[in-house]
Amino acid sequence: MLDGWGAVTLRFLPKHRLGCHVGHGLREERFFGLALGGFGRLGWRFCQSPLTSLVMSDPMHRFESDVTSNRMKPDKHNDGRSVRPRFANFPFDPSAVPFFYGTVVLVCGTLGVLASAPGQTVGVSVFTDFLIEAHQLSRSWISFAYLSGTIGSALLISRAGRYYDRFGGRWVSAGSAAMLAIVLAAMSFSDEIARAIAVLLPENYRDGVSFSVLTLGFFAMRFFGQGMLTLSSRNMVLEWFEQRRGMALAFIGISIAFGFSITPACFEWLIQRRGWSWAWQTIAMLVGVFAIVAICFARSRPEDHGMVPDGPFAKEDRKTHAETVSGRQFTLSEARRTYSFWVFTFSVVLSGLILTAFSFHVVSIFADAGMSRARAVAIFVPAACVSVVVEFAGGWLSDFVKLKYLAMVQSLGSLILALSLAFLGDNVSIVFVVLGMGLMQGMFGIISGVTWPRFYGRTHLGAISGFSTSIVVAGTAIGPYLFSVAHDQVGVYRPATLLCAVAAVVLIAASWRADRPA
């Protein structure tokens with residue numbers, strides 16, 4: 001049936017336009033109050049205008065109602081909401097552009113994930129040695145501060161994901177980027193902040209103050225960077241694509257693979273020019289620029305503008321798998337009670353745990369095998385090339401096959417990497433390290449992105465993906481510590497890697513029953 005706005009579309013309008021269709025309630029009204037209240041009333045009056053009556057009563061059927069279209073319907077997450085979001089068309093209406101606006105959102109979402117790099121491990125690690133020197137703390141204390149901040153952020157990401165459902169990806173990504181920029185600017189003065197507080201306390205509190213300042217800073221960087229900015233930017237893209245979500249995520253994944261691979265070199269170049277503090281300030285300005293870009297060009301959902309996912313690219317007869325067709329809309333509590341949720345979540349957790357632990361201890365792992373530091377660092381280049389190929393192929397396949405088969409491939413990558421690290425020692429094992437890393441990294445973005453909207457709908461996408469992300473972030477924080485304990489206790493990493501291999505075998509077997517919940 002028609003919604004409360006009496007949505008209609010002219011037959012000659014492009015497929016991705018739906019006339020006066022409006023959705024998503026009062027998300028931005030709670031941000032901006034009643035500043036533009038008149039726009040909602042104007043839209044209501046237009047949809048009740050004589051033109052609308054003429055369209056609905058046209059005896060020649062020159063116009064058609066949305067409900068007469070037998071095209072595949074998008075996710076029905078607008079039920080019960082009937083007011084166009086405030087500032088949805090600021091500074092312009094995306095439905096007025098002559099092409100499908102989802103392509104612009106795809107670019108914005110990709111830039112958003114890239115802008116999260118300063119809050120990712122790949123971006124933070126470049127500053128570690130400089131923080132050790134500036135704060136006069138040991139490497140162990142810096143690592144523990146990073147671990148504490150990461151786990152703290154993981155505890156809040158699930159709850160923060162609900163703000164995505166409430167306000168939409170546009171505003172959450174912009175707000176997260178703005179906050180990350182502020183945090184980076186503050187971290188550039190972290191040593192001065194710690195000294196200013198320490199002078200007010202006894203001398204023996206100095207190290208504790210530095211540790212507390214860094215823990216708080218790492219928490220904010222991880223929460224707004226790796227957590228909210230990544231989650232909102234990625235999910236915003238998923239809102240605009242349904243039949244082609246896999247390909248959209250493949251584009252993001254390939255961009256990230258190349259973008260994150262050059263991040264350490266770029267950050268190092270900034271540090272060498274004028275110091276670590278200036279480098280963080282410069283990065284903060286760049287992240288702040290993205291916040292402005294997100295406000296101007298990003299859009300939360302196509303239904304907010306009278307469009308549907310995939311726009312003109314949606315095809316009735318496209319031979320995608322039945323899982324890509326919209327299904328039931330789950331709440332977070334309902335999703336958590338399903339078997340598939342935990343299988344897919346722990347598949348991503350295991351991949352993130354092994355990859356983070358390996359990256360953190362890569363030099364030590366290769367040294368134990370009698371290999372040089374240069375060879376250890378060089379392993380990431382061929383692995384990135386493999387992951388790009390895997391992600392592109394996996395993104396295309398995800399539109400045509402069940403996701404559980406791709407989850408098996410991801411866990412297979414975890415198994416190959418874990419076993420090759422356990423018995424590292426020759427060129428053959430190096431090949432398997434590259435293959436395992438490539439499979440894991442390539443499937444990571446697909447499984448962690450496509451699964452939630454396809455299995456559980458878009459209505460509570462932020463809450464569901466946020467809860468899963470919080471578990472993944474906690475897992476990545478635990479990984480390096482698990483490997484460290486194994487090495488400290490027995491002198492090698494093999495117990496930890498073999499434990500991960502056993503977990504991978506269990507997940508491969510468990511994935512066989514991980515179909516989309518009914």
# chains A, B, ... in the order shown; residues from 1 in each chain; ligands from 1
$ residues_around --residues "Val213 (chain A)" --least-positions-apart "3" --cutoff "8 Å" --atoms "only C-alpha atoms" --output "PyMOL selection string"
chain A and resi 190+193-194+209-210+216-217
$ select_by_dssp --residues "region 273-436 of chain A" --states "helix (DSSP H, G or I)" --output "number ranges by chain"
A: 273-274, 276-297, 302-305, 311-313, 322-324, 332-336, 339-368, 373-378, 380-397, 403-422, 427-436
$ closest_atom_pairs --of "region 289-408 of chain A" --to "region 98-109 of chain A" --cutoff "12 Å" --atoms "only C-alpha atoms" --output "Markdown table"
| residue | atom | partner | partner_atom | distance |
| --- | --- | --- | --- | --- |
| A:Phe290 | CA | A:Cys108 | CA | 8.6 |
| A:Ala291 | CA | A:Cys108 | CA | 10.2 |
| A:Ile292 | CA | A:Cys108 | CA | 11.0 |
| A:Val293 | CA | A:Cys108 | CA | 7.8 |
| A:Ala294 | CA | A:Cys108 | CA | 6.6 |
| A:Ile295 | CA | A:Cys108 | CA | 10.1 |
| A:Cys296 | CA | A:Cys108 | CA | 10.1 |
| A:Phe297 | CA | A:Cys108 | CA | 7.3 |
| A:Ala298 | CA | A:Val105 | CA | 5.5 |
| A:Arg299 | CA | A:Val105 | CA | 6.6 |
| A:Ser300 | CA | A:Val105 | CA | 8.5 |
| A:Arg301 | CA | A:Gly102 | CA | 9.2 |
| A:Pro302 | CA | A:Gly102 | CA | 7.8 |
| A:Glu303 | CA | A:Gly102 | CA | 11.5 |
| A:His305 | CA | A:Tyr101 | CA | 10.1 |
| A:Gly306 | CA | A:Tyr101 | CA | 11.5 |
| A:Met307 | CA | A:Phe100 | CA | 9.0 |
| A:Val308 | CA | A:Gly102 | CA | 9.5 |
| A:Pro309 | CA | A:Gly102 | CA | 7.8 |
| A:Asp310 | CA | A:Gly102 | CA | 7.2 |
| A:Gly311 | CA | A:Phe100 | CA | 6.0 |
| A:Pro312 | CA | A:Phe100 | CA | 7.0 |
| A:Phe313 | CA | A:Phe100 | CA | 8.5 |
| A:Ala314 | CA | A:Phe100 | CA | 10.9 |
$ closest_residue --among "A:Leu419, A:Ala357, A:Val287, A:Ala509" --to "Ala486 (chain A)" --atoms "only C-alpha atoms"
A:Ala357
$ atom_distance --atom1 "CA of Tyr163 (chain A)" --atom2 "CA of Gly475 (chain A)"
23.1 Å
$ closest_residue --among "A:Phe224, A:Trp141, A:Trp280, A:Tyr456" --to "Val113 (chain A)" --atoms "only C-alpha atoms"
A:Phe224
$ residues_around --residues "Arg162 (chain A)" --least-positions-apart "2" --cutoff "6 Å" --atoms "only C-alpha atoms" --output "list of chain:residue names"
A:Arg159, A:Ala160, A:Tyr164, A:Asp165, A:Gly462, A:Ala463
$ write_last_selection --atoms "C-alpha atoms" --output "compact mmCIF listing (two decimals), in the first residue's frame"
# COMPACT_ATOMS: atom_id res chain seq x y z
CA ARG A 159 25.74 1.39 21.78
CA ALA A 160 27.08 4.11 19.50
CA TYR A 164 23.74 5.53 13.17
CA ASP A 165 20.21 4.10 12.99
CA GLY A 462 23.93 0.42 12.89
CA ALA A 463 23.08 -1.46 16.09
$ atom_distance --atom1 "CA of Ser188 (chain A)" --atom2 "CA of Phe218 (chain A)"
12.2 Å
$ closest_residue --among "A:Ala367, A:Cys500, A:Met440, A:Ile446" --to "Phe483 (chain A)" --atoms "only C-alpha atoms"
A:Cys500
$ residues_around --residues "Phe223 (chain A)" --least-positions-apart "5" --cutoff "8 Å" --atoms "only C-alpha atoms" --output "list in words"
Gly119, Thr150, Ser153, Ala154, Leu156, Ile157 and Met228 of chain A
$ closest_atom_pairs --of "region 245-328 of chain A" --to "region 368-383 of chain A" --cutoff "12 Å" --atoms "only C-alpha atoms" --output "CSV"
residue,atom,partner,partner_atom,distance
A:Ala257,CA,A:Ala383,CA,10.1
A:Phe258,CA,A:Val381,CA,10.0
A:Phe260,CA,A:Phe380,CA,11.3
A:Ser261,CA,A:Val381,CA,8.1
A:Ile262,CA,A:Val381,CA,10.5
$ write_last_selection --atoms "C-alpha atoms" --output "PDB file, in the first residue's frame"
ATOM      1  CA  ALA A 257      44.248  -1.852   0.430  1.00  0.00           C
ATOM      2  CA  PHE A 258      46.223   0.702  -1.548  1.00  0.00           C
ATOM      3  CA  PHE A 260      46.374   1.951   3.990  1.00  0.00           C
ATOM      4  CA  SER A 261      49.510   0.477   2.415  1.00  0.00           C
ATOM      5  CA  ILE A 262      50.928   3.968   1.773  1.00  0.00           C
TER       6      ILE A 262
END
$ atom_distance --atom1 "CA of Ala422 (chain A)" --atom2 "CA of Leu403 (chain A)"
28.8 Å
$ residues_around --residues "Phe346 (chain A)" --least-positions-apart "2" --cutoff "9 Å" --atoms "only C-alpha atoms" --output "list of chain:residue names"
A:Phe341, A:Trp342, A:Val343, A:Phe344, A:Val348, A:Val349, A:Leu350, A:Ser351, A:Ser468, A:Ile471, A:Val472, A:Leu507
$ closest_residue --among "A:Ile478, A:Leu214, A:Val172, A:Val490" --to "Ala145 (chain A)" --atoms "only C-alpha atoms"
A:Leu214
$ decode --residues "region 414-462 of chain A" --atoms "N, CA and C atoms" --output "CSV table (one decimal), in the first residue's frame"
chain,number,residue,atom,x,y,z
A,414,SER,N,42.6,-18.0,7.4
A,414,SER,CA,43.1,-18.0,8.8
A,414,SER,C,43.9,-19.3,9.1
A,415,LEU,N,43.4,-20.4,8.6
A,415,LEU,CA,44.0,-21.7,8.9
A,415,LEU,C,45.4,-21.8,8.2
A,416,ILE,N,45.4,-21.4,6.9
A,416,ILE,CA,46.7,-21.4,6.2
A,416,ILE,C,47.7,-20.5,6.8
A,417,LEU,N,47.3,-19.3,7.2
A,417,LEU,CA,48.3,-18.4,7.8
A,417,LEU,C,48.8,-18.9,9.2
A,418,ALA,N,47.9,-19.4,10.0
A,418,ALA,CA,48.2,-19.9,11.3
A,418,ALA,C,49.2,-21.1,11.2
A,419,LEU,N,48.9,-22.0,10.3
A,419,LEU,CA,49.8,-23.2,10.2
A,419,LEU,C,51.2,-22.8,9.6
A,420,SER,N,51.2,-21.9,8.6
A,420,SER,CA,52.4,-21.4,8.0
A,420,SER,C,53.3,-20.7,9.0
A,421,LEU,N,52.7,-19.9,9.9
A,421,LEU,CA,53.5,-19.2,10.9
A,421,LEU,C,54.0,-20.2,12.0
A,422,ALA,N,53.2,-21.3,12.3
A,422,ALA,CA,53.6,-22.3,13.3
A,422,ALA,C,54.9,-23.0,12.8
A,423,PHE,N,55.0,-23.2,11.5
A,423,PHE,CA,56.1,-23.9,10.9
A,423,PHE,C,56.9,-23.1,9.9
A,424,LEU,N,57.1,-21.8,10.2
A,424,LEU,CA,57.8,-20.9,9.3
A,424,LEU,C,59.3,-21.3,9.3
A,425,GLY,N,59.9,-21.3,8.1
A,425,GLY,CA,61.3,-21.6,8.0
A,425,GLY,C,61.9,-21.7,6.6
A,426,ASP,N,61.1,-21.7,5.6
A,426,ASP,CA,61.6,-21.8,4.2
A,426,ASP,C,60.8,-21.0,3.3
A,427,ASN,N,61.2,-21.0,2.0
A,427,ASN,CA,60.4,-20.2,1.0
A,427,ASN,C,59.0,-20.7,0.8
A,428,VAL,N,58.8,-22.0,0.9
A,428,VAL,CA,57.5,-22.6,0.7
A,428,VAL,C,56.5,-22.0,1.8
A,429,SER,N,57.0,-22.0,3.0
A,429,SER,CA,56.1,-21.4,4.1
A,429,SER,C,55.8,-20.0,3.9
A,430,ILE,N,56.8,-19.2,3.3
A,430,ILE,CA,56.5,-17.8,3.0
A,430,ILE,C,55.4,-17.7,2.0
A,431,VAL,N,55.4,-18.5,1.0
A,431,VAL,CA,54.3,-18.5,0.0
A,431,VAL,C,52.9,-18.7,0.6
A,432,PHE,N,52.9,-19.6,1.6
A,432,PHE,CA,51.6,-19.9,2.3
A,432,PHE,C,51.2,-18.7,3.2
A,433,VAL,N,52.2,-18.0,3.8
A,433,VAL,CA,51.9,-16.9,4.6
A,433,VAL,C,51.3,-15.8,3.7
A,434,VAL,N,51.8,-15.5,2.5
A,434,VAL,CA,51.2,-14.6,1.6
A,434,VAL,C,49.8,-15.0,1.2
A,435,LEU,N,49.7,-16.3,0.9
A,435,LEU,CA,48.3,-16.7,0.4
A,435,LEU,C,47.3,-16.6,1.6
A,436,GLY,N,47.7,-17.0,2.8
A,436,GLY,CA,46.8,-16.9,3.9
A,436,GLY,C,46.4,-15.5,4.2
A,437,MET,N,47.4,-14.6,4.2
A,437,MET,CA,47.1,-13.2,4.5
A,437,MET,C,46.2,-12.6,3.4
A,438,GLY,N,46.5,-13.0,2.2
A,438,GLY,CA,45.7,-12.4,1.1
A,438,GLY,C,44.2,-12.9,1.1
A,439,LEU,N,44.0,-14.2,1.4
A,439,LEU,CA,42.6,-14.7,1.6
A,439,LEU,C,41.9,-14.0,2.7
A,440,MET,N,42.6,-13.9,3.9
A,440,MET,CA,41.9,-13.2,5.0
A,440,MET,C,41.6,-11.8,4.8
A,441,GLN,N,42.6,-11.0,4.3
A,441,GLN,CA,42.4,-9.6,4.1
A,441,GLN,C,41.3,-9.3,3.0
A,442,GLY,N,41.4,-10.2,2.0
A,442,GLY,CA,40.4,-10.0,0.9
A,442,GLY,C,39.0,-10.2,1.3
A,443,MET,N,38.8,-11.2,2.1
A,443,MET,CA,37.4,-11.5,2.5
A,443,MET,C,36.9,-10.8,3.7
A,444,PHE,N,37.9,-10.1,4.4
A,444,PHE,CA,37.5,-9.4,5.7
A,444,PHE,C,36.5,-8.4,5.5
A,445,GLY,N,36.7,-7.5,4.5
A,445,GLY,CA,35.8,-6.4,4.3
A,445,GLY,C,34.4,-6.9,3.8
A,446,ILE,N,34.4,-7.9,2.9
A,446,ILE,CA,33.2,-8.5,2.4
A,446,ILE,C,32.3,-9.1,3.5
A,447,ILE,N,32.9,-10.0,4.3
A,447,ILE,CA,32.1,-10.7,5.3
A,447,ILE,C,31.7,-9.7,6.4
A,448,SER,N,32.5,-8.7,6.8
A,448,SER,CA,32.1,-7.8,7.8
A,448,SER,C,31.2,-6.7,7.3
A,449,GLY,N,31.0,-6.6,6.0
A,449,GLY,CA,30.1,-5.5,5.4
A,449,GLY,C,28.9,-6.0,4.8
A,450,VAL,N,29.0,-7.0,3.9
A,450,VAL,CA,27.8,-7.5,3.2
A,450,VAL,C,26.8,-8.3,4.1
A,451,THR,N,27.4,-9.0,5.1
A,451,THR,CA,26.6,-9.9,5.9
A,451,THR,C,25.4,-9.3,6.6
A,452,TRP,N,25.6,-8.2,7.3
A,452,TRP,CA,24.6,-7.6,8.1
A,452,TRP,C,23.4,-7.1,7.4
A,453,PRO,N,23.5,-6.2,6.4
A,453,PRO,CA,22.3,-5.8,5.7
A,453,PRO,C,21.6,-6.9,4.9
A,454,ARG,N,22.4,-7.9,4.4
A,454,ARG,CA,21.8,-9.0,3.6
A,454,ARG,C,21.0,-9.9,4.6
A,455,PHE,N,21.6,-10.2,5.7
A,455,PHE,CA,20.9,-11.2,6.6
A,455,PHE,C,19.9,-10.6,7.5
A,456,TYR,N,20.1,-9.3,7.9
A,456,TYR,CA,19.3,-8.8,9.0
A,456,TYR,C,18.6,-7.5,8.6
A,457,GLY,N,18.7,-7.0,7.3
A,457,GLY,CA,18.0,-5.8,6.9
A,457,GLY,C,18.7,-4.5,7.3
A,458,ARG,N,18.2,-3.4,6.9
A,458,ARG,CA,18.8,-2.1,7.1
A,458,ARG,C,18.2,-1.3,8.2
A,459,THR,N,17.1,-1.7,8.8
A,459,THR,CA,16.4,-0.9,9.8
A,459,THR,C,17.3,-0.7,11.0
A,460,HIS,N,17.9,-1.8,11.5
A,460,HIS,CA,18.8,-1.7,12.7
A,460,HIS,C,20.2,-2.0,12.3
A,461,LEU,N,20.6,-1.6,11.1
A,461,LEU,CA,22.0,-1.9,10.6
A,461,LEU,C,23.1,-1.4,11.5
A,462,GLY,N,22.9,-0.2,12.0
A,462,GLY,CA,23.9,0.4,12.9
A,462,GLY,C,24.1,-0.4,14.2
